[in-house]
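> File upload.txt below, compact mmCIF, C-alpha atoms and all ligand atoms:
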# COMPACT_ATOMS: atom_id res chain seq x y z
CA THR K 1 -19.63 6.38 -19.66
CA GLY K 2 -18.21 9.58 -18.27
CA LEU K 3 -15.39 9.63 -15.74
CA SER K 4 -14.15 6.52 -13.96
CA ARG K 5 -14.00 6.40 -10.15
CA PRO K 6 -10.22 6.94 -10.18
CA GLN K 7 -10.71 9.94 -12.49
CA ARG K 8 -13.32 11.36 -10.09
CA ILE K 9 -10.87 10.92 -7.21
CA LEU K 10 -8.14 12.76 -9.17
CA LYS K 11 -10.61 15.58 -9.90
CA ALA K 12 -11.42 15.89 -6.19
CA VAL K 13 -7.68 16.17 -5.42
CA GLN K 14 -7.15 18.84 -8.12
CA LYS K 15 -10.17 20.76 -6.81
CA ASN K 16 -9.61 20.51 -3.04
CA ALA K 17 -5.91 19.89 -2.37
CA LYS K 18 -2.90 22.20 -2.54
CA LYS K 19 -0.16 21.25 -5.00
CA GLY K 20 2.94 19.94 -3.21
CA ASP K 21 1.05 19.40 0.05
CA PRO K 22 0.69 15.62 0.70
CA GLN K 23 -1.47 16.08 3.80
CA SER K 24 -4.05 18.07 1.79
CA VAL K 25 -4.07 15.35 -0.91
CA ILE K 26 -4.75 12.69 1.75
CA ALA K 27 -7.49 14.85 3.33
CA ALA K 28 -9.13 15.56 -0.05
CA ILE K 29 -9.31 11.84 -0.94
CA ASP K 30 -10.59 10.86 2.52
CA HIS K 31 -13.28 13.58 2.42
CA TYR K 32 -14.38 12.56 -1.08
CA CYS K 33 -14.49 8.82 -0.27
CA ARG K 34 -16.27 9.31 3.06
CA HIS K 35 -18.91 11.79 1.83
CA LYS K 36 -19.25 11.29 -1.94
CA GLU K 37 -18.29 7.76 -2.98
CA TRP K 38 -16.51 4.86 -1.30
CA ALA K 39 -13.19 3.69 -2.76
CA MET K 40 -10.69 1.04 -1.70
CA ASN K 41 -8.00 3.33 -0.24
CA VAL K 42 -6.50 2.14 3.04
CA GLY K 43 -8.29 5.20 4.47
CA ASP K 44 -7.83 7.47 7.48
CA ASP K 45 -8.37 4.95 10.31
CA LYS K 46 -6.04 2.19 9.07
CA GLY K 47 -3.89 5.01 7.62
CA LEU K 48 -2.94 6.10 11.15
CA ILE K 49 -1.64 2.58 11.87
CA LEU K 50 0.21 2.57 8.53
CA ASP K 51 1.78 5.94 9.41
CA SER K 52 2.95 4.73 12.82
CA VAL K 53 4.56 1.56 11.42
CA VAL K 54 6.29 3.55 8.63
CA MET K 55 7.61 6.06 11.19
CA GLU K 56 8.82 3.23 13.46
CA VAL K 57 10.65 1.48 10.58
CA ASN K 58 11.85 4.73 8.95
CA PRO K 59 12.64 2.77 5.75
CA SER K 60 15.36 3.62 3.23
CA SER K 61 13.77 1.12 0.83
CA ALA K 62 10.03 0.42 0.75
CA LEU K 63 7.71 -1.60 -1.49
CA GLU K 64 3.94 -1.25 -1.96
CA LEU K 65 1.97 -3.95 -3.76
CA GLY K 66 -1.26 -2.41 -5.03
CA THR K 67 -1.08 1.31 -5.83
CA TYR K 68 -4.71 1.90 -6.91
CA CYS K 69 -4.96 5.73 -7.01
CA GLY K 70 -1.82 6.35 -4.97
CA TYR K 71 -3.46 7.26 -1.64
CA SER K 72 -1.27 4.97 0.49
CA THR K 73 1.68 5.71 -1.81
CA VAL K 74 1.37 9.37 -0.75
CA ARG K 75 0.82 8.36 2.91
CA ILE K 76 4.03 6.32 2.91
CA ALA K 77 6.24 8.54 0.71
CA ARG K 78 5.46 11.71 2.71
CA LEU K 79 7.08 10.06 5.76
CA LEU K 80 10.21 8.72 4.04
CA PRO K 81 13.60 10.28 4.85
CA ALA K 82 15.40 12.15 2.03
CA GLY K 83 17.16 9.77 -0.32
CA SER K 84 14.78 6.86 0.30
CA THR K 85 12.77 5.14 -2.41
CA LEU K 86 9.26 3.69 -2.45
CA ILE K 87 8.56 1.23 -5.26
CA THR K 88 4.85 0.74 -5.91
CA VAL K 89 3.40 -1.97 -8.17
CA GLU K 90 0.05 -1.60 -9.97
CA PHE K 91 -1.52 -4.18 -12.28
CA ASN K 92 -4.21 -1.92 -13.78
CA PRO K 93 -2.81 0.57 -16.34
CA HIS K 94 -5.71 3.00 -15.92
CA CYS K 95 -5.12 3.17 -12.17
CA ALA K 96 -1.40 3.67 -12.82
CA VAL K 97 -2.15 6.70 -15.02
CA ILE K 98 -4.25 8.29 -12.24
CA ALA K 99 -1.82 7.35 -9.46
CA ARG K 100 1.13 8.97 -11.25
CA GLN K 101 -0.85 12.24 -11.40
CA ILE K 102 -1.88 12.10 -7.72
CA ILE K 103 1.68 11.26 -6.60
CA ALA K 104 3.02 14.16 -8.72
CA TYR K 105 0.30 16.52 -7.41
CA ALA K 106 1.54 15.73 -3.88
CA GLY K 107 5.09 16.55 -5.05
CA LEU K 108 6.41 13.09 -4.18
CA GLN K 109 7.40 11.85 -7.65
CA ASP K 110 11.13 11.91 -6.81
CA LYS K 111 10.67 9.40 -3.96
CA VAL K 112 8.33 7.03 -5.81
CA LYS K 113 8.91 4.54 -8.64
CA LEU K 114 5.69 3.11 -10.06
CA MET K 115 5.94 -0.25 -11.87
CA GLU K 116 3.01 -1.33 -14.05
CA GLY K 117 2.23 -5.02 -14.38
CA PRO K 118 1.62 -8.21 -12.41
CA SER K 119 3.52 -8.26 -9.08
CA GLY K 120 4.58 -11.88 -9.70
CA ASP K 121 6.41 -10.85 -12.87
CA LEU K 122 7.86 -7.56 -11.56
CA ILE K 123 9.20 -8.59 -8.12
CA PRO K 124 12.02 -10.73 -9.63
CA LYS K 125 13.13 -7.71 -11.71
CA ILE K 126 13.41 -5.19 -8.88
CA LYS K 127 16.99 -5.94 -7.81
CA GLU K 128 18.50 -5.52 -11.28
CA GLN K 129 16.23 -2.62 -12.30
CA PHE K 130 16.63 -0.46 -9.17
CA GLY K 131 19.78 -1.83 -7.52
CA ILE K 132 17.86 -2.58 -4.34
CA THR K 133 19.42 -5.28 -2.11
CA SER K 134 16.46 -5.69 0.27
CA PHE K 135 13.33 -3.90 1.54
CA ASP K 136 13.06 -2.45 5.04
CA PHE K 137 9.26 -2.19 4.66
CA VAL K 138 6.59 -3.85 2.46
CA PHE K 139 2.89 -2.81 2.33
CA LEU K 140 0.66 -5.56 0.87
CA ASP K 141 -2.58 -4.07 -0.44
CA HIS K 142 -3.30 -5.81 -3.75
CA TRP K 143 -5.37 -8.90 -4.55
CA LYS K 144 -5.61 -11.09 -1.48
CA ASP K 145 -4.79 -14.31 -3.32
CA ARG K 146 -1.39 -12.80 -4.17
CA TYR K 147 -0.30 -12.09 -0.57
CA VAL K 148 1.19 -15.57 0.08
CA PRO K 149 2.80 -16.20 -3.34
CA ASP K 150 4.32 -12.70 -3.42
CA THR K 151 5.64 -12.99 0.16
CA LYS K 152 7.29 -16.31 -0.78
CA LEU K 153 8.66 -14.67 -3.94
CA LEU K 154 10.16 -11.78 -1.91
CA GLU K 155 11.87 -14.37 0.34
CA GLU K 156 13.14 -16.39 -2.64
CA CYS K 157 14.46 -13.27 -4.45
CA GLY K 158 16.42 -12.29 -1.33
CA LEU K 159 14.43 -9.05 -1.04
CA LEU K 160 13.76 -9.54 2.69
CA ARG K 161 16.43 -9.29 5.38
CA LYS K 162 16.42 -9.94 9.15
CA GLY K 163 14.05 -7.27 10.50
CA SER K 164 12.16 -6.47 7.30
CA VAL K 165 8.61 -5.43 8.21
CA LEU K 166 5.58 -6.58 6.19
CA LEU K 167 2.25 -4.80 6.76
CA ALA K 168 -0.81 -6.35 5.11
CA ASP K 169 -4.15 -4.58 4.56
CA ASN K 170 -7.59 -6.26 4.55
CA VAL K 171 -6.68 -9.37 6.48
CA ILE K 172 -10.29 -9.46 7.81
CA CYS K 173 -12.27 -7.71 5.04
CA PRO K 174 -12.23 -8.87 2.27
CA GLY K 175 -9.93 -11.24 4.19
CA ALA K 176 -6.64 -13.01 3.55
CA PRO K 177 -6.99 -16.25 5.56
CA GLU K 178 -4.19 -18.14 3.81
CA TYR K 179 -1.82 -15.20 4.45
CA LEU K 180 -2.73 -15.08 8.18
CA GLU K 181 -2.17 -18.85 8.34
CA TYR K 182 1.20 -18.45 6.59
CA VAL K 183 2.71 -15.70 8.77
CA ARG K 184 1.12 -16.86 12.07
CA ASN K 185 2.38 -20.46 11.79
CA ASN K 186 5.80 -19.64 10.36
CA PRO K 187 8.80 -19.55 12.74
CA ARG K 188 10.50 -17.09 10.38
CA TYR K 189 7.93 -14.38 11.21
CA GLU K 190 7.00 -12.48 14.36
CA THR K 191 3.43 -11.36 13.62
CA ARG K 192 0.79 -9.13 15.27
CA TYR K 193 -2.74 -8.05 14.34
CA PHE K 194 -3.78 -4.35 14.55
CA PRO K 195 -7.60 -4.14 14.70
CA SER K 196 -9.30 -1.27 12.89
CA ASN K 197 -12.16 -0.89 10.43
CA LEU K 198 -12.70 -1.12 6.69
CA GLU K 199 -11.96 2.26 5.11
CA TYR K 200 -14.79 4.82 5.57
CA THR K 201 -17.09 2.23 7.24
CA LYS K 202 -17.84 0.63 10.63
CA VAL K 203 -17.06 -2.84 9.28
CA GLU K 204 -14.25 -4.66 11.11
CA ASP K 205 -10.92 -4.91 9.29
CA GLY K 206 -7.29 -4.64 10.33
CA LEU K 207 -3.62 -4.78 9.43
CA GLU K 208 -1.23 -7.66 10.12
CA LYS K 209 2.34 -6.58 10.89
CA SER K 210 4.93 -9.32 10.38
CA VAL K 211 8.68 -9.02 11.02
CA PHE K 212 10.89 -11.36 8.97
CA LEU K 213 13.41 -13.03 11.27
CA GLY K 214 15.82 -14.10 8.52
O1 LIG K 301 -8.91 -2.11 1.08
C1 LIG K 301 -9.60 -2.88 0.18
C2 LIG K 301 -10.97 -3.12 0.30
C3 LIG K 301 -11.63 -3.92 -0.64
C4 LIG K 301 -13.09 -4.15 -0.50
C5 LIG K 301 -13.93 -4.19 -1.62
C6 LIG K 301 -15.29 -4.39 -1.46
C7 LIG K 301 -15.82 -4.54 -0.18
F1 LIG K 301 -17.14 -4.71 -0.04
C8 LIG K 301 -15.01 -4.51 0.94
C9 LIG K 301 -13.64 -4.32 0.78
C10 LIG K 301 -10.93 -4.48 -1.70
C11 LIG K 301 -9.54 -4.26 -1.84
C12 LIG K 301 -8.79 -4.79 -2.92
C13 LIG K 301 -7.45 -4.53 -3.00
C14 LIG K 301 -6.83 -3.76 -2.01
N1 LIG K 301 -7.52 -3.24 -0.97
C15 LIG K 301 -8.86 -3.45 -0.88
MG MG K 302 -6.79 -2.37 0.94
What do you get writing this file as structure tokens?

Amino acid sequence: TGLSRPQRILKAVQKNAKKGDPQSVIAAIDHYCRHKEWAMNVGDDKGLILDSVVMEVNPSSALELGTYCGYSTVRIARLLPAGSTLITVEFNPHCAVIARQIIAYAGLQDKVKLMEGPSGDLIPKIKEQFGITSFDFVFLDHWKDRYVPDTKLLEECGLLRKGSVLLADNVICPGAPEYLEYVRNNPRYETRYFPSNLEYTKVEDGLEKSVFLG
């Protein structure tokens, strides 16, 4: 009973962050999850790698699979150029409710479109719903058994183009072995592993960056 973990995270943001200041929202969540209670945000260590890849790609169109409370949504959207759109997909309606509030608190609601539902059902609807031809950048951070089917679906729906960059969280912990197998043995991808650690811990984890070659 009482507040859920996402609700406690939202409360920490409202208490410790400044409205309209994405960096303070990120810092408030990281402080709470490092010192009060762990949560499955990409976190500050892997977040620096995420930031550098987003800045390198400088995407006009970006997709995130797995919103959770919106921490990485804020990390990505804060770096997007004016006029760009980040679509984020969340399966859990309660998380979606919290994420919308955290994204709005950061002042990034105009750059972000949150879709609620299973990624496998929503990905085929993105083109018609948002008029997006393809994604420059995709962040995979949802359930690990969906990484391969959703990557194949993005290919089949023509949502990837030559040079599209996929960045996948948790390829070591909890692990996405089938996904690593898929991108590392596929001539249509140029892939590289960025070692880091599981959010707020010393446990090994990392991000796999894969460029679609068309
Ligand atoms: O970054 C993440 C971490 C974990 C996770 C949960 C329990 C552990 F003991 C270790 C890792 C799960 C995720 C599920 C979805 C997206 N990201 C996750
Ligand atoms: Mg993750």
> Which residues are near ligand MG 302 (chain K) - at most 7 Å, using only C-alpha atoms and all ligand atoms? Format: as a list in words.
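Written in the requested form, the residues are Met40, Asn41, Val42, Asp141, His142, Asp169 and Asn170 of chain K.
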> Which residues are near ligand LIG 301 (chain K) - at most 10 Å, using only C-alpha atoms and all ligand atoms? Format: as JSON, numbers by chain.
{"K": [38, 39, 40, 41, 42, 43, 46, 65, 66, 67, 68, 140, 141, 142, 143, 144, 168, 169, 170, 171, 172, 173, 174, 175, 197, 198, 199, 201, 203, 205, 206]}
> List as a PyMOL selection string the residues having at least one atom at most 12 Å from position (-12.9, 0.4, -10.0) as given in the file, counting all atoms listed in the file.
chain K and resi 3-9+37-41+68-69+92-95+98
> Can you tell me which residues surround range 157-160 of chain K at a distance of at most 8 Å, considering only C-alpha atoms, apart from same-chain residues fewer than 6 positions away, and format the answer as a PyMOL selection string?
chain K and resi 123-124+127+133-136+212+214
> Go ahead and find all residues with at least one atom no further than 10 Å from (3.3, -7.2, -16.2) in the file's coordinates, using all atoms listed in the file; report them as a PyMOL selection string.
chain K and resi 89-93+115-122
> Please return range 165-201 of chain K, rebuilt to N, CA and C atoms, as an mmCIF file, keeping the file's coordinate frame.

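Saved as part-v3.cif:
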data_model
loop_
_atom_site.group_PDB
_atom_site.id
_atom_site.type_symbol
_atom_site.label_atom_id
_atom_site.label_comp_id
_atom_site.auth_asym_id
_atom_site.auth_seq_id
_atom_site.Cartn_x
_atom_site.Cartn_y
_atom_site.Cartn_z
ATOM 1 N N VAL K 165 9.982 -5.491 7.689
ATOM 2 C CA VAL K 165 8.610 -5.430 8.210
ATOM 3 C C VAL K 165 7.609 -5.495 7.069
ATOM 4 N N LEU K 166 6.684 -6.482 7.158
ATOM 5 C CA LEU K 166 5.580 -6.580 6.190
ATOM 6 C C LEU K 166 4.328 -6.092 6.887
ATOM 7 N N LEU K 167 3.538 -5.260 6.229
ATOM 8 C CA LEU K 167 2.250 -4.800 6.760
ATOM 9 C C LEU K 167 1.205 -5.097 5.704
ATOM 10 N N ALA K 168 0.192 -5.889 6.082
ATOM 11 C CA ALA K 168 -0.810 -6.350 5.110
ATOM 12 C C ALA K 168 -2.181 -5.750 5.421
ATOM 13 N N ASP K 169 -2.809 -5.143 4.408
ATOM 14 C CA ASP K 169 -4.150 -4.580 4.560
ATOM 15 C C ASP K 169 -5.199 -5.670 4.341
ATOM 16 N N ASN K 170 -6.415 -5.431 4.851
ATOM 17 C CA ASN K 170 -7.590 -6.260 4.550
ATOM 18 C C ASN K 170 -7.515 -7.708 4.989
ATOM 19 N N VAL K 171 -6.829 -7.969 6.074
ATOM 20 C CA VAL K 171 -6.680 -9.370 6.480
ATOM 21 C C VAL K 171 -7.997 -9.935 7.040
ATOM 22 N N ILE K 172 -8.965 -9.035 7.352
ATOM 23 C CA ILE K 172 -10.290 -9.460 7.810
ATOM 24 C C ILE K 172 -11.330 -9.240 6.706
ATOM 25 N N CYS K 173 -11.289 -8.023 6.083
ATOM 26 C CA CYS K 173 -12.270 -7.710 5.040
ATOM 27 C C CYS K 173 -11.606 -7.010 3.865
ATOM 28 N N PRO K 174 -11.563 -7.629 2.671
ATOM 29 C CA PRO K 174 -12.230 -8.870 2.270
ATOM 30 C C PRO K 174 -11.671 -10.128 2.921
ATOM 31 N N GLY K 175 -10.494 -10.070 3.523
ATOM 32 C CA GLY K 175 -9.930 -11.240 4.190
ATOM 33 C C GLY K 175 -8.801 -11.873 3.408
ATOM 34 N N ALA K 176 -7.786 -12.305 4.155
ATOM 35 C CA ALA K 176 -6.640 -13.010 3.550
ATOM 36 C C ALA K 176 -6.285 -14.179 4.472
ATOM 37 N N PRO K 177 -7.184 -15.159 4.597
ATOM 38 C CA PRO K 177 -6.990 -16.250 5.560
ATOM 39 C C PRO K 177 -5.734 -17.075 5.338
ATOM 40 N N GLU K 178 -5.402 -17.342 4.067
ATOM 41 C CA GLU K 178 -4.190 -18.140 3.810
ATOM 42 C C GLU K 178 -2.940 -17.373 4.261
ATOM 43 N N TYR K 179 -2.974 -16.016 4.054
ATOM 44 C CA TYR K 179 -1.820 -15.200 4.450
ATOM 45 C C TYR K 179 -1.656 -15.229 5.969
ATOM 46 N N LEU K 180 -2.789 -15.043 6.720
ATOM 47 C CA LEU K 180 -2.730 -15.080 8.180
ATOM 48 C C LEU K 180 -2.175 -16.429 8.652
ATOM 49 N N GLU K 181 -2.669 -17.498 8.020
ATOM 50 C CA GLU K 181 -2.170 -18.850 8.340
ATOM 51 C C GLU K 181 -0.660 -18.908 8.110
ATOM 52 N N TYR K 182 -0.218 -18.358 6.963
ATOM 53 C CA TYR K 182 1.200 -18.450 6.590
ATOM 54 C C TYR K 182 2.094 -17.730 7.601
ATOM 55 N N VAL K 183 1.803 -16.463 7.894
ATOM 56 C CA VAL K 183 2.710 -15.700 8.770
ATOM 57 C C VAL K 183 2.568 -16.082 10.247
ATOM 58 N N ARG K 184 1.335 -16.556 10.644
ATOM 59 C CA ARG K 184 1.120 -16.860 12.070
ATOM 60 C C ARG K 184 1.682 -18.218 12.468
ATOM 61 N N ASN K 185 1.864 -19.113 11.483
ATOM 62 C CA ASN K 185 2.380 -20.460 11.790
ATOM 63 C C ASN K 185 3.782 -20.668 11.242
ATOM 64 N N ASN K 186 4.475 -19.561 10.986
ATOM 65 C CA ASN K 186 5.800 -19.640 10.360
ATOM 66 C C ASN K 186 6.850 -19.117 11.334
ATOM 67 N N PRO K 187 7.789 -19.980 11.770
ATOM 68 C CA PRO K 187 8.800 -19.550 12.740
ATOM 69 C C PRO K 187 9.688 -18.419 12.242
ATOM 70 N N ARG K 188 9.638 -18.151 10.925
ATOM 71 C CA ARG K 188 10.500 -17.090 10.380
ATOM 72 C C ARG K 188 9.836 -15.713 10.477
ATOM 73 N N TYR K 189 8.617 -15.678 11.061
ATOM 74 C CA TYR K 189 7.930 -14.380 11.210
ATOM 75 C C TYR K 189 7.465 -14.189 12.639
ATOM 76 N N GLU K 190 7.588 -12.930 13.092
ATOM 77 C CA GLU K 190 7.000 -12.480 14.360
ATOM 78 C C GLU K 190 5.816 -11.617 13.923
ATOM 79 N N THR K 191 4.584 -12.036 14.214
ATOM 80 C CA THR K 191 3.430 -11.360 13.620
ATOM 81 C C THR K 191 2.428 -10.855 14.660
ATOM 82 N N ARG K 192 1.746 -9.752 14.336
ATOM 83 C CA ARG K 192 0.790 -9.130 15.270
ATOM 84 C C ARG K 192 -0.322 -8.471 14.474
ATOM 85 N N TYR K 193 -1.569 -8.598 15.003
ATOM 86 C CA TYR K 193 -2.740 -8.050 14.340
ATOM 87 C C TYR K 193 -3.107 -6.705 14.971
ATOM 88 N N PHE K 194 -3.355 -5.682 14.103
ATOM 89 C CA PHE K 194 -3.780 -4.350 14.550
ATOM 90 C C PHE K 194 -5.238 -4.156 14.132
ATOM 91 N N PRO K 195 -6.195 -4.282 15.056
ATOM 92 C CA PRO K 195 -7.600 -4.140 14.700
ATOM 93 C C PRO K 195 -7.963 -2.701 14.311
ATOM 94 N N SER K 196 -8.820 -2.577 13.321
ATOM 95 C CA SER K 196 -9.300 -1.270 12.890
ATOM 96 C C SER K 196 -10.638 -1.494 12.190
ATOM 97 N N ASN K 197 -10.933 -0.678 11.178
ATOM 98 C CA ASN K 197 -12.160 -0.890 10.430
ATOM 99 C C ASN K 197 -11.928 -0.656 8.939
ATOM 100 N N LEU K 198 -12.759 -1.293 8.141
ATOM 101 C CA LEU K 198 -12.700 -1.120 6.690
ATOM 102 C C LEU K 198 -12.828 0.360 6.367
ATOM 103 N N GLU K 199 -12.013 0.833 5.463
ATOM 104 C CA GLU K 199 -11.960 2.260 5.110
ATOM 105 C C GLU K 199 -13.363 2.871 4.952
ATOM 106 N N TYR K 200 -13.570 3.999 5.684
ATOM 107 C CA TYR K 200 -14.790 4.820 5.570
ATOM 108 C C TYR K 200 -16.065 4.091 6.012
ATOM 109 N N THR K 201 -15.912 2.982 6.771
ATOM 110 C CA THR K 201 -17.090 2.230 7.240
ATOM 111 C C THR K 201 -16.895 1.820 8.691
#
